[in-house]
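Visitor: Structure below; questions to follow.
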Amino acid sequence: QVQLVESGGGLVQAGGSLRLSCAASESIVSNRLMGWYRQAPGKQREWVADITHGGSTNYQRSVKGRFTISSDNAKNTVYLQMNSLKPEDTAAYYCFADRQGVPYWGQGTQVIVSS
């Protein structure tokens with residue numbers, strides 16, 4: 001069973017940047033898809049971005065141009081570079097992996113953007 005551990009969250013001022021990391025306990029090469037969701041207080045969890053096995057990336061419209069998802073297969077890690085952060089980006093961010101049709105989730109890392 002794959003374990004995903006997120007890190008990199010924290011408190012940042014609006015306009016600032018953070019880089020989230022998601023370290024997998026096993027090779028990510030065989031994962032069909034990996035990415036990030038987020039959940040703000042009182043709201044449903046929403047998809048943010050993902051990256052396919054082949055390296056194709058997809059972004060939610062509200063983060064496109066500000067966030068960049070990438071992966072390092074040698075480190076079994078997926079990253080989310082977040083620039084130009086806005087208060088509405090405040091949420092718990094969760095890493096996920098689709099491993100041969102089976103979903104796995106990390107425990108989340110908190111991002112707080114102050115205005």
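Ordering of the structure tokens sets the chain letters (A, B, ...); residue numbers start at 1 within each chain; ligands are numbered from 1 in the order shown.
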Can you pull out the residues contacting Met82 in chain A? Cut-off 9 Å, using only C-alpha atoms, and skip same-chain residues under 6 positions away; I want them as a PyMOL selection string.

Guide: chain A and resi 16-20+63+66-69

Visitor: Once DSSP has gone over the backbone, tell me which residues of chain A are in strand (DSSP E), as an mmCIF file with N, CA, C and O atoms, in the first residue's frame.

Guide:
data_model
loop_
_atom_site.group_PDB
_atom_site.id
_atom_site.type_symbol
_atom_site.label_atom_id
_atom_site.label_comp_id
_atom_site.auth_asym_id
_atom_site.auth_seq_id
_atom_site.Cartn_x
_atom_site.Cartn_y
_atom_site.Cartn_z
ATOM 1 N N LEU A 4 1.567 8.359 1.140
ATOM 2 C CA LEU A 4 1.880 9.678 0.608
ATOM 3 C C LEU A 4 2.025 10.650 1.768
ATOM 4 O O LEU A 4 1.132 10.730 2.621
ATOM 5 N N VAL A 5 3.113 11.378 1.801
ATOM 6 C CA VAL A 5 3.372 12.324 2.883
ATOM 7 C C VAL A 5 3.614 13.709 2.295
ATOM 8 O O VAL A 5 4.582 13.914 1.557
ATOM 9 N N GLU A 6 2.720 14.641 2.625
ATOM 10 C CA GLU A 6 2.843 16.013 2.137
ATOM 11 C C GLU A 6 3.671 16.848 3.100
ATOM 12 O O GLU A 6 3.700 16.584 4.311
ATOM 13 N N SER A 7 4.307 17.853 2.559
ATOM 14 C CA SER A 7 5.027 18.833 3.369
ATOM 15 C C SER A 7 5.108 20.136 2.600
ATOM 16 O O SER A 7 4.790 20.180 1.402
ATOM 17 N N GLY A 10 2.216 26.145 5.072
ATOM 18 C CA GLY A 10 2.560 27.162 6.056
ATOM 19 C C GLY A 10 1.754 28.415 5.870
ATOM 20 O O GLY A 10 0.758 28.432 5.141
ATOM 21 N N LEU A 11 2.212 29.458 6.545
ATOM 22 C CA LEU A 11 1.564 30.762 6.497
ATOM 23 C C LEU A 11 2.375 31.682 5.590
ATOM 24 O O LEU A 11 3.599 31.798 5.746
ATOM 25 N N VAL A 12 1.692 32.337 4.670
ATOM 26 C CA VAL A 12 2.367 33.216 3.731
ATOM 27 C C VAL A 12 1.466 34.406 3.447
ATOM 28 O O VAL A 12 0.238 34.296 3.513
ATOM 29 N N GLN A 13 2.071 35.533 3.133
ATOM 30 C CA GLN A 13 1.288 36.708 2.769
ATOM 31 C C GLN A 13 0.803 36.606 1.327
ATOM 32 O O GLN A 13 1.429 35.933 0.496
ATOM 33 N N LEU A 18 4.773 29.277 -2.124
ATOM 34 C CA LEU A 18 5.075 28.081 -1.354
ATOM 35 C C LEU A 18 5.267 26.929 -2.329
ATOM 36 O O LEU A 18 4.677 26.933 -3.416
ATOM 37 N N ARG A 19 6.050 25.951 -1.918
ATOM 38 C CA ARG A 19 6.177 24.730 -2.710
ATOM 39 C C ARG A 19 5.802 23.547 -1.837
ATOM 40 O O ARG A 19 6.448 23.288 -0.806
ATOM 41 N N LEU A 20 4.767 22.863 -2.260
ATOM 42 C CA LEU A 20 4.341 21.654 -1.564
ATOM 43 C C LEU A 20 5.041 20.443 -2.169
ATOM 44 O O LEU A 20 5.274 20.395 -3.382
ATOM 45 N N SER A 21 5.347 19.486 -1.313
ATOM 46 C CA SER A 21 5.953 18.241 -1.760
ATOM 47 C C SER A 21 5.086 17.068 -1.317
ATOM 48 O O SER A 21 4.470 17.117 -0.253
ATOM 49 N N CYS A 22 5.060 16.046 -2.125
ATOM 50 C CA CYS A 22 4.336 14.819 -1.797
ATOM 51 C C CYS A 22 5.290 13.663 -2.052
ATOM 52 O O CYS A 22 5.573 13.326 -3.210
ATOM 53 N N ALA A 23 5.774 13.087 -0.976
ATOM 54 C CA ALA A 23 6.722 11.983 -1.079
ATOM 55 C C ALA A 23 5.985 10.651 -0.970
ATOM 56 O O ALA A 23 5.247 10.424 -0.003
ATOM 57 N N ALA A 24 6.197 9.796 -1.948
ATOM 58 C CA ALA A 24 5.545 8.484 -1.969
ATOM 59 C C ALA A 24 6.489 7.422 -1.416
ATOM 60 O O ALA A 24 7.714 7.510 -1.589
ATOM 61 N N LEU A 33 -1.741 8.495 -12.454
ATOM 62 C CA LEU A 33 -1.997 9.919 -12.254
ATOM 63 C C LEU A 33 -1.629 10.279 -10.829
ATOM 64 O O LEU A 33 -1.859 9.495 -9.900
ATOM 65 N N MET A 34 -1.072 11.465 -10.636
ATOM 66 C CA MET A 34 -0.861 12.007 -9.294
ATOM 67 C C MET A 34 -1.236 13.479 -9.321
ATOM 68 O O MET A 34 -1.216 14.115 -10.377
ATOM 69 N N GLY A 35 -1.577 13.995 -8.165
ATOM 70 C CA GLY A 35 -1.947 15.396 -8.153
ATOM 71 C C GLY A 35 -2.349 15.891 -6.786
ATOM 72 O O GLY A 35 -2.010 15.282 -5.764
ATOM 73 N N TRP A 36 -3.068 17.007 -6.810
ATOM 74 C CA TRP A 36 -3.430 17.696 -5.590
ATOM 75 C C TRP A 36 -4.899 18.094 -5.586
ATOM 76 O O TRP A 36 -5.434 18.531 -6.606
ATOM 77 N N TYR A 37 -5.503 17.956 -4.425
ATOM 78 C CA TYR A 37 -6.806 18.504 -4.125
ATOM 79 C C TYR A 37 -6.625 19.473 -2.957
ATOM 80 O O TYR A 37 -5.596 19.466 -2.289
ATOM 81 N N ARG A 38 -7.648 20.270 -2.716
ATOM 82 C CA ARG A 38 -7.621 21.130 -1.540
ATOM 83 C C ARG A 38 -9.018 21.246 -0.959
ATOM 84 O O ARG A 38 -10.013 21.075 -1.659
ATOM 85 N N GLN A 39 -9.059 21.544 0.326
ATOM 86 C CA GLN A 39 -10.338 21.710 1.004
ATOM 87 C C GLN A 39 -10.257 22.897 1.945
ATOM 88 O O GLN A 39 -9.492 22.887 2.916
ATOM 89 N N GLU A 46 -11.808 20.058 -3.444
ATOM 90 C CA GLU A 46 -11.811 20.337 -4.883
ATOM 91 C C GLU A 46 -10.465 19.986 -5.496
ATOM 92 O O GLU A 46 -9.414 20.126 -4.869
ATOM 93 N N TRP A 47 -10.550 19.578 -6.730
ATOM 94 C CA TRP A 47 -9.360 19.237 -7.497
ATOM 95 C C TRP A 47 -8.588 20.505 -7.836
ATOM 96 O O TRP A 47 -9.183 21.543 -8.176
ATOM 97 N N VAL A 48 -7.239 20.412 -7.769
ATOM 98 C CA VAL A 48 -6.409 21.568 -8.066
ATOM 99 C C VAL A 48 -5.594 21.345 -9.333
ATOM 100 O O VAL A 48 -5.614 22.165 -10.252
ATOM 101 N N ALA A 49 -4.859 20.240 -9.363
ATOM 102 C CA ALA A 49 -3.983 19.982 -10.501
ATOM 103 C C ALA A 49 -3.586 18.516 -10.487
ATOM 104 O O ALA A 49 -3.627 17.860 -9.442
ATOM 105 N N ASP A 50 -3.191 18.016 -11.674
ATOM 106 C CA ASP A 50 -2.670 16.657 -11.718
ATOM 107 C C ASP A 50 -1.641 16.518 -12.827
ATOM 108 O O ASP A 50 -1.516 17.391 -13.703
ATOM 109 N N ILE A 51 -0.900 15.422 -12.731
ATOM 110 C CA ILE A 51 0.138 15.133 -13.718
ATOM 111 C C ILE A 51 0.050 13.648 -14.051
ATOM 112 O O ILE A 51 -0.046 12.794 -13.160
ATOM 113 N N THR A 52 0.051 13.350 -15.328
ATOM 114 C CA THR A 52 -0.089 11.965 -15.750
ATOM 115 C C THR A 52 1.257 11.251 -15.750
ATOM 116 O O THR A 52 2.319 11.885 -15.628
ATOM 117 N N THR A 57 0.073 17.744 -17.821
ATOM 118 C CA THR A 57 -0.441 18.417 -16.625
ATOM 119 C C THR A 57 -1.789 19.065 -16.897
ATOM 120 O O THR A 57 -2.099 19.453 -18.030
ATOM 121 N N ASN A 58 -2.574 19.173 -15.847
ATOM 122 C CA ASN A 58 -3.884 19.814 -15.928
ATOM 123 C C ASN A 58 -4.093 20.647 -14.668
ATOM 124 O O ASN A 58 -3.650 20.261 -13.581
ATOM 125 N N TYR A 59 -4.782 21.777 -14.835
ATOM 126 C CA TYR A 59 -4.963 22.702 -13.713
ATOM 127 C C TYR A 59 -6.400 23.182 -13.638
ATOM 128 O O TYR A 59 -7.065 23.410 -14.655
ATOM 129 N N PHE A 67 0.086 28.201 -10.399
ATOM 130 C CA PHE A 67 0.584 26.957 -9.814
ATOM 131 C C PHE A 67 1.227 26.099 -10.896
ATOM 132 O O PHE A 67 0.780 26.104 -12.049
ATOM 133 N N THR A 68 2.251 25.355 -10.497
ATOM 134 C CA THR A 68 2.913 24.436 -11.413
ATOM 135 C C THR A 68 3.112 23.094 -10.712
ATOM 136 O O THR A 68 3.711 23.052 -9.631
ATOM 137 N N ILE A 69 2.623 22.041 -11.331
ATOM 138 C CA ILE A 69 2.808 20.700 -10.789
ATOM 139 C C ILE A 69 3.936 20.024 -11.548
ATOM 140 O O ILE A 69 4.075 20.200 -12.768
ATOM 141 N N SER A 70 4.762 19.279 -10.819
ATOM 142 C CA SER A 70 5.872 18.569 -11.444
ATOM 143 C C SER A 70 6.158 17.312 -10.641
ATOM 144 O O SER A 70 5.663 17.148 -9.523
ATOM 145 N N SER A 71 6.960 16.442 -11.223
ATOM 146 C CA SER A 71 7.302 15.205 -10.531
ATOM 147 C C SER A 71 8.776 14.884 -10.714
ATOM 148 O O SER A 71 9.388 15.277 -11.716
ATOM 149 N N ASP A 72 9.325 14.206 -9.743
ATOM 150 C CA ASP A 72 10.707 13.744 -9.798
ATOM 151 C C ASP A 72 10.663 12.245 -9.524
ATOM 152 O O ASP A 72 10.547 11.823 -8.367
ATOM 153 N N THR A 77 8.603 11.778 -5.813
ATOM 154 C CA THR A 77 7.995 12.973 -5.233
ATOM 155 C C THR A 77 7.292 13.797 -6.299
ATOM 156 O O THR A 77 7.791 13.940 -7.417
ATOM 157 N N VAL A 78 6.147 14.321 -5.922
ATOM 158 C CA VAL A 78 5.411 15.256 -6.755
ATOM 159 C C VAL A 78 5.383 16.602 -6.029
ATOM 160 O O VAL A 78 5.237 16.646 -4.807
ATOM 161 N N TYR A 79 5.519 17.660 -6.801
ATOM 162 C CA TYR A 79 5.579 19.002 -6.235
ATOM 163 C C TYR A 79 4.422 19.852 -6.746
ATOM 164 O O TYR A 79 3.906 19.641 -7.838
ATOM 165 N N LEU A 80 4.079 20.844 -5.953
ATOM 166 C CA LEU A 80 3.143 21.875 -6.402
ATOM 167 C C LEU A 80 3.754 23.222 -6.032
ATOM 168 O O LEU A 80 3.776 23.600 -4.864
ATOM 169 N N GLN A 81 4.277 23.905 -7.036
ATOM 170 C CA GLN A 81 4.817 25.244 -6.841
ATOM 171 C C GLN A 81 3.665 26.232 -6.935
ATOM 172 O O GLN A 81 2.977 26.275 -7.959
ATOM 173 N N MET A 82 3.458 26.985 -5.882
ATOM 174 C CA MET A 82 2.346 27.927 -5.835
ATOM 175 C C MET A 82 2.881 29.338 -5.735
ATOM 176 O O MET A 82 3.530 29.694 -4.739
ATOM 177 N N ALA A 91 -6.333 26.678 2.397
ATOM 178 C CA ALA A 91 -6.994 25.375 2.450
ATOM 179 C C ALA A 91 -6.004 24.331 2.952
ATOM 180 O O ALA A 91 -4.795 24.587 3.028
ATOM 181 N N ALA A 92 -6.541 23.157 3.257
ATOM 182 C CA ALA A 92 -5.693 21.997 3.451
ATOM 183 C C ALA A 92 -5.487 21.358 2.086
ATOM 184 O O ALA A 92 -6.458 21.135 1.349
ATOM 185 N N TYR A 93 -4.241 21.093 1.747
ATOM 186 C CA TYR A 93 -3.911 20.546 0.432
ATOM 187 C C TYR A 93 -3.555 19.064 0.588
ATOM 188 O O TYR A 93 -2.726 18.700 1.433
ATOM 189 N N TYR A 94 -4.193 18.255 -0.235
ATOM 190 C CA TYR A 94 -4.026 16.801 -0.171
ATOM 191 C C TYR A 94 -3.439 16.261 -1.475
ATOM 192 O O TYR A 94 -3.912 16.587 -2.560
ATOM 193 N N CYS A 95 -2.436 15.447 -1.322
ATOM 194 C CA CYS A 95 -1.844 14.747 -2.452
ATOM 195 C C CYS A 95 -2.644 13.466 -2.714
ATOM 196 O O CYS A 95 -3.139 12.836 -1.772
ATOM 197 N N PHE A 96 -2.775 13.108 -3.969
ATOM 198 C CA PHE A 96 -3.415 11.840 -4.290
ATOM 199 C C PHE A 96 -2.639 11.129 -5.389
ATOM 200 O O PHE A 96 -1.902 11.744 -6.151
ATOM 201 N N ALA A 97 -2.848 9.823 -5.446
ATOM 202 C CA ALA A 97 -2.239 9.006 -6.482
ATOM 203 C C ALA A 97 -3.251 7.979 -6.966
ATOM 204 O O ALA A 97 -3.965 7.386 -6.162
ATOM 205 N N ASP A 98 -3.308 7.828 -8.261
ATOM 206 C CA ASP A 98 -4.114 6.775 -8.884
ATOM 207 C C ASP A 98 -3.148 5.698 -9.334
ATOM 208 O O ASP A 98 -2.423 5.881 -10.310
ATOM 209 N N ARG A 99 -3.124 4.622 -8.572
ATOM 210 C CA ARG A 99 -2.171 3.553 -8.834
ATOM 211 C C ARG A 99 -2.950 2.355 -9.363
ATOM 212 O O ARG A 99 -3.580 1.637 -8.587
ATOM 213 N N VAL A 102 -6.475 2.305 -8.248
ATOM 214 C CA VAL A 102 -6.715 2.388 -6.801
ATOM 215 C C VAL A 102 -6.254 3.753 -6.309
ATOM 216 O O VAL A 102 -5.107 4.128 -6.524
ATOM 217 N N PRO A 103 -7.121 4.521 -5.657
ATOM 218 C CA PRO A 103 -6.746 5.849 -5.175
ATOM 219 C C PRO A 103 -6.061 5.803 -3.813
ATOM 220 O O PRO A 103 -6.437 5.024 -2.949
ATOM 221 N N TYR A 104 -5.072 6.651 -3.656
ATOM 222 C CA TYR A 104 -4.388 6.810 -2.381
ATOM 223 C C TYR A 104 -4.335 8.299 -2.050
ATOM 224 O O TYR A 104 -4.230 9.141 -2.949
ATOM 225 N N TRP A 105 -4.395 8.612 -0.748
ATOM 226 C CA TRP A 105 -4.398 9.994 -0.299
ATOM 227 C C TRP A 105 -3.365 10.202 0.801
ATOM 228 O O TRP A 105 -3.112 9.311 1.624
ATOM 229 N N THR A 109 -1.617 18.974 4.086
ATOM 230 C CA THR A 109 -0.762 20.015 4.638
ATOM 231 C C THR A 109 -1.507 21.343 4.521
ATOM 232 O O THR A 109 -2.141 21.610 3.502
ATOM 233 N N GLN A 110 -1.438 22.141 5.558
ATOM 234 C CA GLN A 110 -2.236 23.355 5.625
ATOM 235 C C GLN A 110 -1.506 24.528 4.985
ATOM 236 O O GLN A 110 -0.320 24.767 5.242
ATOM 237 N N VAL A 111 -2.241 25.263 4.172
ATOM 238 C CA VAL A 111 -1.743 26.498 3.569
ATOM 239 C C VAL A 111 -2.657 27.634 4.002
ATOM 240 O O VAL A 111 -3.885 27.550 3.829
ATOM 241 N N ILE A 112 -2.067 28.670 4.576
ATOM 242 C CA ILE A 112 -2.825 29.843 4.992
ATOM 243 C C ILE A 112 -2.221 31.064 4.328
ATOM 244 O O ILE A 112 -1.027 31.325 4.481
ATOM 245 N N VAL A 113 -3.036 31.783 3.588
ATOM 246 C CA VAL A 113 -2.584 32.984 2.892
ATOM 247 C C VAL A 113 -3.267 34.190 3.529
ATOM 248 O O VAL A 113 -4.494 34.315 3.493
ATOM 249 N N SER A 114 -2.456 35.050 4.110
ATOM 250 C CA SER A 114 -3.003 36.230 4.784
ATOM 251 C C SER A 114 -3.071 37.408 3.816
ATOM 252 O O SER A 114 -2.235 37.554 2.927
#

Visitor: Smallest atom-to-atom distance to Glu26 in chain A: which of A:His53, A:Gly8, A:Gln44, A:Asn76, using only C-alpha atoms?

Guide: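 Among A:His53, A:Gly8, A:Gln44, A:Asn76, it is A:Asn76 that comes nearest to Glu26 in chain A.
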
Visitor: Distance CA of Lys75 in chain A-CA of Gly101 in chain A, one decimal place?

Guide: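 Separation of CA of Lys75 in chain A and CA of Gly101 in chain A: 22.2 Å.
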
Visitor: Measure the distance from CA of Ser56 in chain A to CA of Asn73 in chain A in Å and round it to one decimal.

Guide: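 Taking CA of Ser56 in chain A and CA of Asn73 in chain A, their separation equals 14.2 Å.
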
Visitor: Which is closest to Gly42 in chain A among A:Thr90, A:Gly106, A:Ser27, A:Gly65, if we use only C-alpha atoms?

Guide: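 Checking each of A:Thr90, A:Gly106, A:Ser27, A:Gly65 against Gly42 in chain A, counting only C-alpha atoms, the winner is A:Thr90.
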
Visitor: Looking at A:Asp89, A:Lys64, A:Ser84, A:Gly54, which one is nearest to Gly9 in chain A, with distances taken over only C-alpha atoms?

Guide: A:Asp89
